[in-house]
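Here's data.cif, which has mmCIF, C-alpha atoms:
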data_work
loop_
_atom_site.label_atom_id
_atom_site.label_comp_id
_atom_site.auth_asym_id
_atom_site.auth_seq_id
_atom_site.Cartn_x
_atom_site.Cartn_y
_atom_site.Cartn_z
CA MET I 88 -3.02 -30.92 35.93
CA LEU I 89 -3.76 -31.82 39.56
CA LEU I 90 -1.84 -35.08 39.17
CA ALA I 91 1.15 -33.14 37.87
CA LEU I 92 1.03 -30.93 40.97
CA VAL I 93 0.96 -34.02 43.19
CA ARG I 94 3.98 -35.47 41.40
CA LEU I 95 5.98 -32.25 41.51
CA GLY I 96 5.18 -31.34 45.09
CA ALA I 97 7.04 -28.24 46.23
CA ASP I 98 8.72 -27.87 42.83
CA ALA I 99 5.46 -27.24 40.99
CA TYR I 100 5.48 -24.05 38.96
CA GLY I 101 4.56 -23.21 35.36
CA MET I 102 7.61 -24.55 33.59
CA THR I 103 7.87 -27.78 35.57
CA VAL I 104 4.15 -28.49 35.26
CA ARG I 105 4.34 -27.97 31.48
CA ARG I 106 7.36 -30.27 31.16
CA GLU I 107 5.85 -32.90 33.44
CA ILE I 108 2.66 -33.14 31.37
CA GLU I 109 4.59 -33.01 28.10
CA ASN I 110 6.97 -35.77 29.17
CA ARG I 111 4.24 -38.07 30.49
CA THR I 112 1.57 -37.55 27.84
CA GLY I 113 3.63 -36.63 24.79
CA ARG I 114 1.42 -33.59 24.22
CA SER I 115 3.07 -30.29 23.47
CA LEU I 116 1.45 -27.55 25.54
CA SER I 117 1.96 -23.82 25.54
CA ILE I 118 2.76 -22.04 28.77
CA GLY I 119 -0.37 -19.94 28.18
CA ALA I 120 -2.58 -23.04 28.24
CA ILE I 121 -0.92 -24.19 31.48
CA TYR I 122 -1.50 -20.89 33.24
CA ALA I 123 -5.08 -20.64 31.92
CA THR I 124 -5.89 -24.01 33.49
CA LEU I 125 -4.04 -23.26 36.71
CA GLU I 126 -5.92 -19.99 37.02
CA ARG I 127 -9.26 -21.77 36.60
CA LEU I 128 -8.32 -24.33 39.23
CA GLU I 129 -7.23 -21.57 41.59
CA THR I 130 -10.52 -19.73 41.04
CA LYS I 131 -12.35 -22.91 41.98
CA GLY I 132 -10.24 -23.18 45.11
CA LEU I 133 -8.66 -26.51 44.12
CA ILE I 134 -5.13 -25.10 44.20
CA ASP I 135 -3.41 -22.04 45.59
CA SER I 136 -0.26 -20.23 44.66
CA SER I 137 2.60 -18.28 46.19
CA VAL I 138 5.31 -16.12 44.67
CA GLY I 139 8.93 -17.15 45.22
CA GLU I 140 12.17 -15.22 45.07
CA PRO I 141 13.51 -13.83 41.77
CA THR I 142 16.41 -15.84 40.30
CA ALA I 143 19.13 -14.97 37.79
CA GLU I 144 18.38 -17.89 35.48
CA ARG I 145 14.87 -16.49 35.05
CA GLY I 146 16.17 -13.03 34.17
CA GLY I 147 15.45 -11.74 37.65
CA ARG I 148 11.83 -12.88 37.58
CA ALA I 149 10.11 -14.69 40.44
CA LYS I 150 8.50 -18.13 40.24
CA ARG I 151 4.87 -18.71 41.04
CA HIS I 152 4.55 -21.96 42.96
CA PHE I 153 1.32 -23.94 42.96
CA ARG I 154 0.09 -26.52 45.40
CA MET I 155 -3.08 -28.48 45.82
CA THR I 156 -5.57 -27.49 48.51
CA ALA I 157 -7.71 -29.85 50.59
CA ASP I 158 -10.61 -29.20 48.22
CA GLY I 159 -8.31 -30.10 45.35
CA GLU I 160 -7.46 -33.43 46.98
CA LEU I 161 -11.16 -34.18 47.45
CA ALA I 162 -11.88 -33.27 43.84
CA LEU I 163 -8.99 -35.43 42.63
CA ASN I 164 -10.20 -38.39 44.69
CA ALA I 165 -13.73 -37.93 43.40
CA SER I 166 -12.51 -37.72 39.83
CA GLN I 167 -10.33 -40.81 40.17
CA GLU I 168 -13.18 -42.72 41.78
CA ALA I 169 -15.54 -41.68 38.99
CA ILE I 170 -13.08 -42.90 36.37
CA ARG I 171 -12.58 -46.17 38.25
CA ARG I 172 -16.32 -46.80 38.38
CA MET I 173 -16.88 -45.88 34.77
CA THR I 174 -14.09 -48.16 33.58
CA LEU I 175 -14.94 -51.04 35.89
CA GLY I 176 -15.25 -54.22 33.81
CA LEU I 177 -14.67 -52.44 30.53
CA ARG I 178 -11.03 -53.20 30.11
CA ARG I 179 -11.71 -56.43 28.26
CA ARG I 180 -13.91 -54.71 25.71
CA TRP I 181 -11.24 -52.52 24.15
CA SER I 182 -8.08 -54.36 25.15
CA THR I 183 -6.81 -56.82 22.54
CA THR I 184 -3.76 -57.94 24.50
CA MET K 144 19.87 -12.40 19.17
CA SER K 145 22.25 -13.43 21.90
CA PRO K 146 22.63 -17.23 22.14
CA HIS K 147 21.92 -17.07 25.86
CA ARG K 148 19.05 -14.64 25.79
CA PRO K 149 15.60 -15.29 24.46
CA PRO K 150 14.34 -13.21 21.50
CA ARG K 151 13.67 -9.72 22.83
CA VAL K 152 10.82 -8.92 20.47
CA ALA K 153 8.98 -12.08 21.46
CA THR K 154 9.51 -11.29 25.14
CA TRP K 155 8.27 -7.72 24.64
CA LEU K 156 5.16 -8.88 22.73
CA LEU K 157 4.17 -11.43 25.32
CA GLY K 158 4.97 -9.05 28.16
CA ALA K 159 2.67 -6.44 26.62
CA ALA K 160 -0.18 -8.94 26.42
CA LEU K 161 0.20 -10.27 29.97
CA THR K 162 -1.14 -8.61 33.09
CA ALA K 163 1.38 -7.35 35.64
CA THR K 164 0.38 -10.23 37.93
CA ASP K 165 1.21 -12.93 35.40
CA ARG K 166 4.15 -11.26 33.65
CA ASP K 167 6.97 -12.34 35.95
CA ALA K 168 5.77 -15.92 36.37
CA VAL K 169 5.07 -16.65 32.69
CA LEU K 170 8.06 -14.84 31.21
CA GLY K 171 10.34 -16.22 33.93
CA ASP K 172 9.23 -19.79 33.11
CA LEU K 173 9.88 -19.27 29.40
CA VAL K 174 13.28 -17.65 29.99
CA GLU K 175 14.30 -20.46 32.35
CA GLU K 176 13.30 -23.19 29.92
CA HIS K 177 14.88 -21.32 27.02
CA GLY K 178 18.17 -21.31 28.94
CA MET K 179 17.90 -25.07 29.53
CA ARG K 180 17.22 -25.68 25.86
CA VAL K 181 20.21 -23.55 24.85
CA ARG K 182 22.42 -25.71 27.06
CA HIS K 183 21.00 -29.06 25.96
CA SER K 184 20.23 -28.32 22.33
CA SER K 185 21.13 -25.17 20.38
CA ALA K 186 20.38 -21.48 20.54
CA VAL K 187 18.52 -21.62 17.21
CA ASP K 188 16.26 -24.46 18.31
CA ALA K 189 15.69 -22.74 21.64
CA GLY K 190 14.81 -19.52 19.82
CA HIS K 191 12.30 -21.33 17.60
CA TRP K 192 10.76 -23.03 20.61
CA TYR K 193 10.53 -19.69 22.41
CA TRP K 194 8.78 -17.99 19.48
CA GLY K 195 6.42 -20.95 19.19
CA GLN K 196 5.46 -20.66 22.84
CA VAL K 197 4.94 -16.91 22.56
CA CYS K 198 2.80 -17.18 19.42
CA ARG K 199 0.60 -19.87 20.98
CA THR K 200 0.30 -18.05 24.30
CA ILE K 201 -0.57 -14.52 23.15
CA PRO K 202 -4.03 -15.39 21.70
CA LEU K 203 -4.89 -17.33 24.87
CA VAL K 204 -3.77 -14.50 27.11
CA VAL K 205 -5.65 -11.86 25.12
CA TRP K 206 -8.82 -13.97 25.10
CA ARG K 207 -8.57 -14.62 28.85
CA ARG K 208 -8.17 -10.91 29.52
CA ALA K 209 -11.08 -10.08 27.22
CA ILE K 210 -13.30 -12.46 29.17
CA ARG K 211 -11.96 -11.69 32.62
CA ASP K 212 -11.89 -7.91 32.23
CA GLY K 213 -15.16 -7.82 30.26
CA TRP K 214 -13.70 -6.18 27.14
CA LEU K 215 -16.51 -7.58 25.00
CA TRP K 216 -19.15 -6.12 27.33
CA THR K 217 -17.40 -2.78 27.25
CA LEU K 218 -17.28 -2.84 23.47
CA GLY K 219 -20.93 -3.87 23.34
CA ALA K 220 -21.95 -1.01 25.64
CA ALA K 221 -19.98 1.49 23.55
CA ALA K 222 -21.48 0.19 20.27
CA SER K 223 -25.00 0.35 21.73
CA ALA K 224 -24.41 3.91 22.89
CA TYR K 225 -23.15 4.82 19.41
CA VAL K 226 -26.36 3.51 17.85
CA ALA K 227 -28.35 5.41 20.48
CA ALA K 228 -26.44 8.58 19.59
CA GLY K 229 -27.59 8.27 15.97
CA PHE K 230 -31.17 7.87 17.10
CA ILE K 231 -30.99 10.81 19.52
CA GLU K 232 -29.38 13.02 16.86
CA ASN K 233 -32.11 12.23 14.32
CA VAL K 234 -34.84 12.92 16.86
CA GLY K 235 -33.14 16.20 17.81
CA LEU K 236 -32.80 17.31 14.19
CA ALA K 237 -36.41 16.41 13.46
CA LEU K 238 -37.53 18.45 16.47
CA VAL K 239 -35.46 21.43 15.36
CA ALA K 240 -36.85 21.17 11.83
CA ARG K 241 -40.42 21.00 13.12
CA LEU K 242 -39.94 23.99 15.41
CA SER K 243 -38.49 26.03 12.55
CA ASP K 244 -41.34 25.42 10.06
CA GLY K 245 -39.71 22.56 8.21
CA GLN K 246 -36.45 24.40 7.57
CA THR K 247 -33.46 22.06 7.57
CA PRO K 248 -31.26 22.93 10.57
CA SER K 249 -28.21 25.03 9.81
CA GLN K 250 -24.82 23.38 9.99
CA PRO K 251 -23.81 24.87 13.38
CA ILE K 252 -27.13 23.76 14.85
CA ALA K 253 -26.75 20.29 13.33
CA ILE K 254 -23.25 20.02 14.82
CA MET K 255 -24.48 21.16 18.21
CA VAL K 256 -27.33 18.64 18.21
CA GLY K 257 -24.90 15.91 17.11
CA LEU K 258 -22.42 16.75 19.84
CA ALA K 259 -25.16 16.86 22.46
CA ALA K 260 -26.30 13.43 21.26
CA LEU K 261 -22.73 12.10 21.60
CA ALA K 262 -22.46 13.55 25.11
CA VAL K 263 -25.68 11.79 26.07
CA ALA K 264 -24.34 8.60 24.45
CA GLY K 265 -21.12 8.91 26.46
CA TYR K 266 -23.18 9.26 29.60
CA LEU K 267 -25.28 6.22 28.67
CA ALA K 268 -22.19 4.16 27.80
CA SER K 269 -20.56 4.95 31.12
CA TRP K 270 -23.81 4.30 32.94
CA MET K 271 -24.05 0.86 31.29
CA ARG K 272 -20.42 -0.01 31.92
CA ARG K 273 -17.59 1.94 33.45
CA GLY K 274 -14.94 2.90 30.90
CA SER K 275 -17.21 2.39 27.89
CA ALA K 276 -17.25 6.12 27.12
CA ASN K 277 -13.54 5.96 26.26
CA VAL K 278 -14.20 3.11 23.85
CA LEU K 279 -17.11 5.12 22.42
CA ALA K 280 -14.74 8.05 21.83
CA SER K 281 -12.44 5.72 19.88
CA LEU K 282 -15.39 4.36 17.90
CA ILE K 283 -16.39 7.92 16.95
CA ILE K 284 -12.90 8.71 15.65
CA ILE K 285 -12.86 5.50 13.60
CA ALA K 286 -16.40 6.06 12.29
CA VAL K 287 -15.79 9.68 11.24
CA PHE K 288 -12.51 8.71 9.61
CA VAL K 289 -14.02 5.77 7.72
CA LEU K 290 -17.12 7.75 6.64
CA SER K 291 -14.97 10.58 5.30
CA LEU K 292 -13.01 8.05 3.25
CA VAL K 293 -16.04 6.11 1.99
CA PHE K 294 -18.20 9.16 1.27
CA PRO K 295 -15.77 11.96 0.39
CA GLY K 296 -17.47 15.33 -0.05
CA ARG K 297 -20.74 14.17 1.49
CA ALA K 298 -20.23 16.51 4.42
CA SER K 299 -18.34 19.78 4.55
CA PHE K 300 -14.74 19.80 5.75
CA TRP K 301 -15.58 21.70 8.95
CA TYR K 302 -18.50 19.43 9.69
CA GLY K 303 -16.18 16.40 9.56
CA VAL K 304 -13.41 18.10 11.54
CA SER K 305 -15.89 19.23 14.21
CA PHE K 306 -17.05 15.68 14.80
CA LEU K 307 -13.56 14.24 14.56
CA LEU K 308 -12.23 16.57 17.27
CA LEU K 309 -15.24 17.46 19.39
CA GLY K 310 -17.21 14.21 19.02
CA PRO K 311 -14.82 12.07 21.09
CA LEU K 312 -14.48 14.91 23.60
CA ALA K 313 -18.27 15.14 23.97
CA ALA K 314 -18.53 11.38 24.52
CA TYR K 315 -15.64 11.45 26.98
CA ALA K 316 -17.15 14.41 28.85
CA GLY K 317 -20.50 12.62 29.05
CA GLY K 318 -18.76 9.54 30.41
CA ARG K 319 -16.79 11.54 32.97
CA LEU K 320 -19.93 13.27 34.14
CA ALA K 321 -21.69 9.95 34.56
CA GLU K 322 -18.82 8.57 36.62
CA ARG K 323 -18.32 11.64 38.75
CA HIS K 324 -21.92 12.46 39.32
CA ARG K 325 -23.68 9.13 39.44
CA LYS K 326 -25.85 10.49 42.19
CA GLY K 327 -26.32 13.85 40.48
CA ALA K 328 -27.80 12.62 37.22
CA ARG K 329 -30.47 15.29 37.45
CA MET K 330 -27.88 18.02 37.14
CA ILE K 331 -26.43 16.48 34.01
CA CYS K 332 -29.80 16.01 32.40
CA ARG K 333 -30.57 19.65 33.22
CA GLY K 334 -27.32 20.76 31.57
CA LEU K 335 -27.95 18.71 28.46
CA GLY K 336 -31.53 20.00 28.35
CA VAL K 337 -30.27 23.58 28.41
CA LEU K 338 -27.81 22.74 25.62
CA ILE K 339 -30.47 21.22 23.40
CA LEU K 340 -32.98 23.97 24.22
CA SER K 341 -30.45 26.65 23.33
CA GLY K 342 -29.95 24.84 20.03
CA LEU K 343 -33.67 24.88 19.36
CA VAL K 344 -34.02 28.56 20.25
CA THR K 345 -31.03 29.54 18.11
CA SER K 346 -32.35 27.51 15.22
CA CYS K 347 -35.80 29.11 15.39
CA ALA K 348 -34.36 32.60 15.71
CA SER K 349 -31.68 32.30 13.05
CA PRO K 350 -32.33 34.25 9.82
CA ALA K 351 -31.42 33.18 6.28
CA GLN K 352 -29.14 30.22 6.58
CA PRO K 353 -26.37 29.00 4.33
CA PRO K 354 -26.85 25.65 2.60
CA THR K 355 -26.57 22.89 5.17
CA THR K 356 -25.19 19.43 4.75
CA SER K 357 -28.71 18.10 4.33
CA ASP K 358 -29.50 20.79 1.74
CA ALA K 359 -26.30 19.92 -0.08
CA ALA K 360 -27.19 16.24 -0.08
CA LEU K 361 -30.69 17.02 -1.38
CA LEU K 362 -29.27 19.28 -4.06
CA ASP K 363 -26.86 16.53 -5.12
CA GLU K 364 -29.66 14.01 -5.26
CA LEU K 365 -32.02 16.16 -7.33
CA VAL K 366 -29.30 17.41 -9.69
CA THR K 367 -28.25 13.80 -10.27
CA LEU K 368 -31.84 12.91 -11.17
CA GLU K 369 -32.15 15.96 -13.39
CA ARG K 370 -28.87 15.26 -15.18
CA SER K 371 -29.83 11.65 -15.80
CA ALA K 372 -32.97 12.89 -17.58
CA LEU K 373 -31.15 15.69 -19.42
CA ASP K 374 -28.40 13.34 -20.64
CA ARG K 375 -31.08 11.30 -22.39
CA TRP K 376 -33.07 14.34 -23.48
CA VAL K 377 -30.22 15.88 -25.51
CA THR K 378 -29.98 12.61 -27.45
CA MET K 379 -33.72 12.88 -28.22
CA ASP K 380 -34.73 10.28 -25.67
CA PRO K 381 -37.65 11.61 -23.56
CA ASP K 382 -37.94 8.48 -21.40
CA GLY K 383 -35.63 9.93 -18.75
CA TYR K 384 -38.07 12.74 -18.00
CA LEU K 385 -41.15 10.56 -18.51
CA GLY K 386 -39.77 8.23 -15.86
CA LEU K 387 -39.26 11.15 -13.48
CA TYR K 388 -42.69 12.73 -13.95
CA ALA K 389 -45.33 12.05 -11.33
CA ASP K 390 -48.73 10.94 -12.60
CA GLU K 391 -50.12 14.42 -11.85
CA ILE K 392 -47.31 16.37 -13.56
CA THR K 393 -48.19 19.86 -14.76
CA TYR K 394 -46.05 21.55 -17.38
CA PHE K 395 -45.37 24.89 -19.06
CA ASP K 396 -42.86 26.01 -21.64
CA PRO K 397 -42.82 28.94 -24.15
CA THR K 398 -44.64 26.87 -26.78
CA THR K 399 -47.56 25.70 -24.66
CA GLU K 400 -50.70 27.74 -24.96
CA THR K 401 -52.28 26.10 -21.97
CA ARG K 402 -50.98 24.00 -19.10
CA ILE K 403 -50.34 20.33 -19.85
CA ASN K 404 -51.79 18.08 -17.18
CA GLY K 405 -50.69 14.54 -16.41
CA ARG K 406 -47.99 12.14 -17.52
CA GLU K 407 -49.99 10.60 -20.34
CA ALA K 408 -50.50 14.04 -21.90
CA MET K 409 -46.76 14.62 -21.61
CA ARG K 410 -46.05 11.24 -23.17
CA ALA K 411 -48.21 12.18 -26.18
CA ARG K 412 -46.52 15.54 -26.46
CA LEU K 413 -43.00 14.12 -26.37
CA GLU K 414 -43.57 11.14 -28.65
CA PRO K 415 -42.58 13.01 -31.86
CA VAL K 416 -39.23 13.89 -30.31
CA ARG K 417 -38.06 10.30 -30.72
CA THR K 418 -38.15 10.49 -34.52
CA ALA K 419 -37.18 14.13 -34.97
CA LYS K 420 -34.24 14.86 -37.30
CA LEU K 421 -32.12 17.69 -36.03
CA PRO K 422 -29.72 19.92 -37.99
CA PHE K 423 -26.91 19.60 -35.44
CA THR K 424 -24.59 17.02 -33.95
CA GLU K 425 -22.76 16.44 -30.67
CA PRO K 426 -25.35 18.11 -28.46
CA ARG K 427 -24.41 18.92 -24.92
CA TYR K 428 -25.66 21.15 -22.15
CA GLU K 429 -24.41 23.18 -19.24
CA LEU K 430 -26.39 23.18 -16.01
CA ILE K 431 -25.70 26.43 -14.17
CA GLU K 432 -26.15 27.37 -10.51
CA PRO K 433 -28.69 24.79 -9.40
CA LYS K 434 -30.48 25.70 -6.18
CA VAL K 435 -32.87 23.70 -4.07
CA GLN K 436 -35.45 25.03 -1.65
CA GLY K 437 -37.85 23.06 0.45
CA GLY K 438 -38.09 20.38 3.04
CA SER K 439 -38.18 16.67 3.34
CA ASP K 440 -41.05 15.84 0.95
CA LEU K 441 -41.35 18.81 -1.39
CA ALA K 442 -38.43 20.59 -3.04
CA VAL K 443 -38.07 23.22 -5.75
CA LEU K 444 -35.06 22.89 -8.00
CA THR K 445 -34.17 25.91 -10.12
CA TYR K 446 -31.28 26.35 -12.49
CA ASN K 447 -30.18 27.88 -15.78
CA MET K 448 -29.23 25.74 -18.72
CA VAL K 449 -27.43 26.40 -21.98
CA ASN K 450 -27.75 23.98 -24.94
CA TYR K 451 -24.75 23.59 -27.25
CA ALA K 452 -24.27 21.57 -30.47
CA LYS K 453 -22.19 21.50 -33.64
CA LEU K 454 -24.02 22.88 -36.68
CA SER K 455 -23.25 21.73 -40.21
CA GLY K 456 -20.49 23.90 -41.65
CA ARG K 457 -19.94 25.66 -38.32
CA GLY K 458 -18.34 24.83 -35.02
CA GLU K 459 -20.09 24.45 -31.74
CA SER K 460 -22.79 27.05 -31.12
CA ILE K 461 -25.23 27.94 -28.42
CA LEU K 462 -28.70 26.67 -29.35
CA ALA K 463 -30.75 27.94 -26.44
CA ARG K 464 -30.63 29.37 -22.95
CA TRP K 465 -33.20 28.33 -20.38
CA ASN K 466 -34.59 29.21 -16.99
CA ALA K 467 -35.79 25.98 -15.46
CA THR K 468 -38.06 25.29 -12.48
CA GLU K 469 -38.68 21.71 -11.42
CA VAL K 470 -40.92 21.01 -8.45
CA TYR K 471 -40.12 17.63 -6.92
CA ARG K 472 -42.26 15.72 -4.48
CA ARG K 473 -41.36 12.53 -2.69
CA VAL K 474 -43.78 9.83 -3.85
CA ASP K 475 -43.45 6.40 -2.24
CA GLY K 476 -39.96 7.33 -1.08
CA ARG K 477 -38.76 8.47 -4.54
CA TRP K 478 -38.45 12.01 -5.86
CA ARG K 479 -40.83 12.74 -8.75
CA ILE K 480 -41.41 15.95 -10.75
CA VAL K 481 -44.91 17.29 -10.07
CA HIS K 482 -44.46 20.58 -11.92
CA SER K 483 -42.04 21.67 -14.62
CA HIS K 484 -41.67 25.15 -16.07
CA TRP K 485 -39.20 26.16 -18.76
CA SER K 486 -38.76 29.66 -20.17
CA ASN K 487 -36.29 31.06 -22.71
CA VAL K 488 -33.72 33.64 -21.77
CA GLN K 489 -34.28 36.60 -24.10
CA PRO K 490 -33.11 37.45 -26.64
CA PRO K 491 -32.84 33.94 -28.14
CA PRO K 492 -29.86 33.08 -30.33
CA ALA K 493 -30.22 33.88 -34.06
CA ALA K 494 -30.32 30.54 -35.84
CA PRO K 495 -31.12 27.70 -35.93
CA PRO K 496 -34.32 27.52 -33.87
CA ALA K 497 -33.86 26.64 -30.24
CA GLN K 498 -33.89 23.01 -29.21
CA ASP K 499 -37.32 22.06 -28.02
CA ARG K 500 -38.02 21.41 -24.36
CA PRO K 501 -39.92 18.62 -22.68
#

Target format structure tokens, applied to this file:
Amino acid sequence: MLLALVRLGADAYGMTVRREIENRTGRSLSIGAIYATLERLETKGLIDSSVGEPTAERGGRAKRHFRMTADGELALNASQEAIRRMTLGLRRRWSTT
Amino acid sequence: MSPHRPPRVATWLLGAALTATDRDAVLGDLVEEHGMRVRHSSAVDAGHWYWGQVCRTIPLVVWRRAIRDGWLWTLGAAASAYVAAGFIENVGLALVARLSDGQTPSQPIAIMVGLAALAVAGYLASWMRRGSANVLASLIIIAVFVLSLVFPGRASFWYGVSFLLLGPLAAYAGGRLAERHRKGARMICRGLGVLILSGLVTSCASPAQPPTTSDAALLDELVTLERSALDRWVTMDPDGYLGLYADEITYFDPTTETRINGREAMRARLEPVRTAKLPFTEPRYELIEPKVQGGSDLAVLTYNMVNYAKLSGRGESILARWNATEVYRRVDGRWRIVHSHWSNVQPPPAAPPAQDRP
């Protein structure tokens, strides 16, 4: 989810985050699952959100934009580092190519 | 469904489940993507996708709200208060019965005690969790409604209506008091004390009372036992009564010169009944105006009974008329007859001789 926010930058809101993850992972997600996760991340202070202007294509409803906070960047770095360390030297064990 | 607009029902359903904070963002995202799918695919596919998203999102949203807003805790507090109300009501009724020499409380007193218990429960619910008294009020409506369906006739119509209408109000009032007067709990307790005390005083002072719900339930229970024995008795099977007699049963009827003491003596007396040949067929009986008096462990059941049967060469005739007194005592949680007294209504019918009695 945090990686999707990094990729989308200023254009990160519910619909784009859902499509980004769906396109890159092939997993079909509901908008409810996206918002549930975003809300958890916001509660933890890893992201924050702001409400945009209402638009006609959304039936007059406003977007809710999300962006990563400094704590979110730290958490993402820590997570990536943890994955790197855990996978260090293991590639050969499951890769057959 | 307009090809350019998402399904309205789906939008309304999801909108109802979402909080005001999330509604614009979530619905706006779905509407925007629906529009894109209409342009790139078809309105039907977009509509299916939209419904799929809504159906998958609603359970998540409802669950999140239940957790975030503490719905489960509120429901738990209300259910606990409901259980407490039952306990408080039983204690109150027992106190009233004790203060009035074992008399079962009259229906108005029972209703008043019940409503006071619900008001206390509403107070407790609100004290445990704000807003729980409203949920308790809903639980009371559901419980009264379900009980009246499952046990029809168990309680009088007015008893049920009183609790259906006033029960939720009592719980709500208790909850409101708790919320408005959190610091003035003493005042509320004083008010409830006065309410319960007035119930006790009224109960002790009240003269002859009409049958109460508890009396009616006891009467039903004893008449059911009595009928089960009588149904077997009229077919010359004494085991129904023998099973109901307590070990120390005492017995009188017009043919006994002295009192019969104990179940074994009754067994010996009734044994010949099993093989008796009677000059009638299709026996039946009518149990008239049963009445019960007594308390929780000892009860006197009185009634009149008429025996009918078809005599050879004649139609159905009255064989005997009886005054019956059965004294029941609760032994190991089950009602048993400790004394039985049968007398004929005079004058007896002409012929044939009256059917014998246990």

Quick one: everything within 7 Å of K:Met448, counting all atoms listed in the file, minus sequence neighbours fewer than 2 positions away in the same chain. Send it as a PyMOL selection string. chain K and resi 428-431+446+450+464-466

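Atom pair atom CA of K:Arg319 / atom CA of K:Met255: separated by 19.2 Å.
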
Taking the file as shown, what set of residues would the PyMOL selection byres ((chain I) within 7 of (chain K)) give back, as an MDAnalysis selection string? chainID I and resid 101:102 117:120 144:146 148:151

Take the residues from that selection and put them in a file with C-alpha atoms, as a PDB file, in the coordinates of the input.
ATOM      1  CA  GLY I 101       4.560 -23.210  35.360  1.00  0.00           C
ATOM      2  CA  MET I 102       7.610 -24.550  33.590  1.00  0.00           C
ATOM      3  CA  SER I 117       1.960 -23.820  25.540  1.00  0.00           C
ATOM      4  CA  ILE I 118       2.760 -22.040  28.770  1.00  0.00           C
ATOM      5  CA  GLY I 119      -0.370 -19.940  28.180  1.00  0.00           C
ATOM      6  CA  ALA I 120      -2.580 -23.040  28.240  1.00  0.00           C
ATOM      7  CA  GLU I 144      18.380 -17.890  35.480  1.00  0.00           C
ATOM      8  CA  ARG I 145      14.870 -16.490  35.050  1.00  0.00           C
ATOM      9  CA  GLY I 146      16.170 -13.030  34.170  1.00  0.00           C
ATOM     10  CA  ARG I 148      11.830 -12.880  37.580  1.00  0.00           C
ATOM     11  CA  ALA I 149      10.110 -14.690  40.440  1.00  0.00           C
ATOM     12  CA  LYS I 150       8.500 -18.130  40.240  1.00  0.00           C
ATOM     13  CA  ARG I 151       4.870 -18.710  41.040  1.00  0.00           C
TER      14      ARG I 151
END

Could you pull the residues within 8 Å of stretch 260-275 of chain K, counting only C-alpha atoms, minus those fewer than 6 positions along the same chain, as a list in words?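 These residues fall inside the cut-off: Trp216, Thr217, Leu218, Ala220, Ala221, Ser223, Ala224, Tyr225, Ala227, Ala228, Gly229, Ile231, Glu232, Gly310, Pro311, Ala313, Ala314, Tyr315, Ala316, Gly317, Gly318, Arg319, Leu320, Ala321, Glu322 and Leu335 of chain K.
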
Between atom CA of K:Ser281 and atom CA of K:Gln250, what is the distance in Å, rounded to a tenth? 23.7 Å

Could you tell me how far atom CA of K:Ile210 lies from atom CA of K:Ile283, in Å and to one decimal? 24.0 Å

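With distances restricted to all atoms listed in the file, I:Leu125 is the closest residue to I:Met88 from I:Ala165, I:Arg111, I:His152, I:Leu125.
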
Nearest to I:Arg106, chosen from I:Arg172, I:Arg94, I:Arg180, I:Arg154, with all atoms listed in the file counted in the distances: I:Arg94

Contact residues around K:Glu469 with all atoms listed in the file at 8 Å, ignoring same-chain residues under 4 positions, as a PyMOL selection string: chain K and resi 443-445+480-484

Chain and number of each residue from the PyMOL selection byres ((chain K and resi 377) around 10), as a list in words: Ala372, Leu373, Asp374, Arg375, Trp376, Thr378, Met379, Asp380, Pro381, Glu425, Pro426, Arg427, Tyr428, Asn450, Tyr451, Ala452, Gln498, Asp499 and Arg500 of chain K

Store the residues picked out above in a file with C-alpha atoms, as a short mmCIF file (atom, residue, chain, number, x, y, z; two decimals), in the frame of the given file.
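Written file, selection-v7.cif:
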data_model
loop_
_atom_site.label_atom_id
_atom_site.label_comp_id
_atom_site.auth_asym_id
_atom_site.auth_seq_id
_atom_site.Cartn_x
_atom_site.Cartn_y
_atom_site.Cartn_z
CA ALA K 372 -32.97 12.89 -17.58
CA LEU K 373 -31.15 15.69 -19.42
CA ASP K 374 -28.40 13.34 -20.64
CA ARG K 375 -31.08 11.30 -22.39
CA TRP K 376 -33.07 14.34 -23.48
CA THR K 378 -29.98 12.61 -27.45
CA MET K 379 -33.72 12.88 -28.22
CA ASP K 380 -34.73 10.28 -25.67
CA PRO K 381 -37.65 11.61 -23.56
CA GLU K 425 -22.76 16.44 -30.67
CA PRO K 426 -25.35 18.11 -28.46
CA ARG K 427 -24.41 18.92 -24.92
CA TYR K 428 -25.66 21.15 -22.15
CA ASN K 450 -27.75 23.98 -24.94
CA TYR K 451 -24.75 23.59 -27.25
CA ALA K 452 -24.27 21.57 -30.47
CA GLN K 498 -33.89 23.01 -29.21
CA ASP K 499 -37.32 22.06 -28.02
CA ARG K 500 -38.02 21.41 -24.36
#

Using all atoms listed in the file, determine which residues lie at most 10 Å from K:Gln246, disregarding the query and same-chain residues fewer than 2 positions distant; provide the list as an MDAnalysis selection string. chainID K and resid 237 239:244 248:249 346:347 352 358 436:439

Looking at I:Thr103, I:Thr156, I:Ser115, I:Thr142, which one is nearest to I:Leu128, with distances taken over only C-alpha atoms?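 Closest residue, counting only C-alpha atoms: I:Thr156.
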
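Applied to the file shown here, the PyMOL selection byres ((chain I and resi 158-164) around 10) selects Leu89, Leu90, Val93, Leu128, Glu129, Lys131, Gly132, Leu133, Ile134, Asp135, Arg154, Met155, Thr156, Ala157, Ala165, Ser166, Gln167, Glu168, Ala169 and Ile170 of chain I.
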
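Using all atoms listed in the file, the shortest contact distance between K:His147 and any of K:Ser460, K:Thr393, K:Ser291, K:Ser184 is found at K:Ser184.
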